[in-house]
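Asker: Quick one, query_19.cif (mmCIF, C-alpha atoms):
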```cif
data_final
loop_
_atom_site.group_PDB
_atom_site.id
_atom_site.type_symbol
_atom_site.label_atom_id
_atom_site.label_comp_id
_atom_site.auth_asym_id
_atom_site.auth_seq_id
_atom_site.Cartn_x
_atom_site.Cartn_y
_atom_site.Cartn_z
ATOM 1 C CA MET R 296 -61.681 17.523 8.403
ATOM 2 C CA SER R 297 -58.183 17.340 9.736
ATOM 3 C CA GLU R 298 -55.566 16.457 7.194
ATOM 4 C CA ILE R 299 -52.462 14.772 8.447
ATOM 5 C CA GLN R 300 -49.499 15.977 6.464
ATOM 6 C CA GLU R 301 -46.998 13.244 5.626
ATOM 7 C CA LYS R 302 -43.413 13.970 6.612
ATOM 8 C CA ASP R 303 -41.140 14.785 3.686
ATOM 9 C CA ASN R 304 -38.165 12.410 3.601
ATOM 10 C CA PHE R 305 -36.416 14.032 0.629
ATOM 11 C CA TRP R 306 -33.241 14.987 2.515
ATOM 12 C CA LEU R 307 -33.146 11.593 4.204
ATOM 13 C CA TYR R 308 -33.171 9.916 0.775
ATOM 14 C CA ILE R 309 -30.466 12.276 -0.501
ATOM 15 C CA ALA R 310 -28.279 11.494 2.532
ATOM 16 C CA GLY R 311 -28.771 7.768 1.964
ATOM 17 C CA VAL R 312 -27.734 8.039 -1.682
ATOM 18 C CA VAL R 313 -24.656 10.094 -0.764
ATOM 19 C CA LEU R 314 -23.608 7.602 1.935
ATOM 20 C CA ALA R 315 -24.100 4.688 -0.477
ATOM 21 C CA ALA R 316 -21.952 6.452 -3.093
ATOM 22 C CA ILE R 317 -19.185 7.124 -0.572
ATOM 23 C CA ALA R 318 -19.252 3.498 0.603
ATOM 24 C CA THR R 319 -19.008 2.294 -3.005
ATOM 25 C CA VAL R 320 -16.029 4.549 -3.764
ATOM 26 C CA VAL R 321 -14.208 3.400 -0.612
ATOM 27 C CA ALA R 322 -14.867 -0.268 -1.423
ATOM 28 C CA VAL R 323 -13.603 0.100 -4.996
ATOM 29 C CA LYS R 324 -10.472 2.015 -3.942
ATOM 30 C CA SER R 325 -9.575 -0.565 -1.301
ATOM 31 C CA SER R 326 -9.982 -3.441 -3.735
ATOM 32 C CA GLU R 327 -7.878 -1.658 -6.377
ATOM 33 C CA HIS R 328 -5.014 -1.205 -3.905
ATOM 34 C CA ASP R 329 -4.390 -4.957 -3.597
ATOM 35 C CA LYS R 330 -4.671 -5.489 -7.332
ATOM 36 C CA PHE R 331 -1.088 -4.562 -8.197
ATOM 37 C CA VAL R 332 0.828 -6.035 -5.253
ATOM 38 C CA THR R 333 2.337 -8.887 -7.315
ATOM 39 C CA SER R 334 3.319 -6.467 -10.078
ATOM 40 C CA ALA R 335 4.992 -4.142 -7.601
ATOM 41 C CA LYS R 336 6.957 -7.049 -6.126
ATOM 42 C CA ALA R 337 8.076 -8.198 -9.572
ATOM 43 C CA ILE R 338 9.167 -4.675 -10.546
ATOM 44 C CA ALA R 339 11.057 -4.250 -7.259
ATOM 45 C CA GLU R 340 12.849 -7.534 -7.920
ATOM 46 C CA ASP R 341 13.759 -6.727 -11.526
ATOM 47 C CA PRO R 342 13.024 -3.308 -13.092
ATOM 48 C CA ALA R 343 12.883 -4.946 -16.526
ATOM 49 C CA ASN R 344 9.447 -6.267 -15.547
ATOM 50 C CA SER R 345 8.047 -2.735 -15.752
ATOM 51 C CA ALA R 346 6.226 -1.526 -18.840
ATOM 52 C CA TYR R 347 8.069 1.773 -18.468
ATOM 53 C CA LYS R 348 11.563 1.426 -19.859
ATOM 54 C CA LYS R 349 14.282 3.813 -18.740
#
```
Would you write the structure of this file as structure tokens?
Answerer:
Amino acid sequence: MSEIQEKDNFWLYIAGVVLAAIATVVAVKSSEHDKFVTSAKAIAEDPANSAYKK
């Protein structure tokens, strides 16, 4: 009666979840960067285009 113990992959699953979370954060941050390029150009051209009045 020899029992073969199955390898525990708990830490492998945790590492996979952490890597997926990091990849998601990086993808979201990079897509958010390009979101305001046209607004930044318009504000640089004429500061009255900003929502923040001086």
Asker: Nearest to Ala346 (chain R): which of R:Trp306, R:Glu327, R:Ser334, R:Ala322 is it, counting all atoms listed in the file?
Answerer: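 Comparing R:Trp306, R:Glu327, R:Ser334, R:Ala322 against Ala346 (chain R), the winner is R:Ser334.
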Asker: Give as a CSV table (one decimal) with C-alpha atoms, in the coordinates of the input each residue that has an atom at most 7 Å from (11.1, -1.6, -14.0) in the file, counting only C-alpha atoms.
Answerer:
```
chain,number,residue,atom,x,y,z
R,338,ILE,CA,9.2,-4.7,-10.5
R,341,ASP,CA,13.8,-6.7,-11.5
R,342,PRO,CA,13.0,-3.3,-13.1
R,343,ALA,CA,12.9,-4.9,-16.5
R,344,ASN,CA,9.4,-6.3,-15.5
R,345,SER,CA,8.0,-2.7,-15.8
R,346,ALA,CA,6.2,-1.5,-18.8
R,347,TYR,CA,8.1,1.8,-18.5
R,348,LYS,CA,11.6,1.4,-19.9
```
Asker: Give, as lines of an AutoDock Vina configuration file, the centre coordinates and the x, y and z edge lengths in Å to one decimal for an axis-aligned box around all listed atoms of region 307-312 of chain R, padded by 4 Å on each side.
Answerer:
```
center_x = -30.5
center_y = 10.0
center_z = 1.3
size_x = 13.4
size_y = 12.5
size_z = 13.9
```
Asker: Would you mind reading off the distance between CA of Phe331 (chain R) and CA of Val313 (chain R), one decimal, in Å?
Answerer: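 Separating CA of Phe331 (chain R) from CA of Val313 (chain R) is a distance of 28.7 Å.
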Asker: Which value, in Å to one decimal, gives the distance between CA of Val321 (chain R) and CA of Lys336 (chain R)?
Answerer: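 Between these atoms lies a distance of 24.2 Å.
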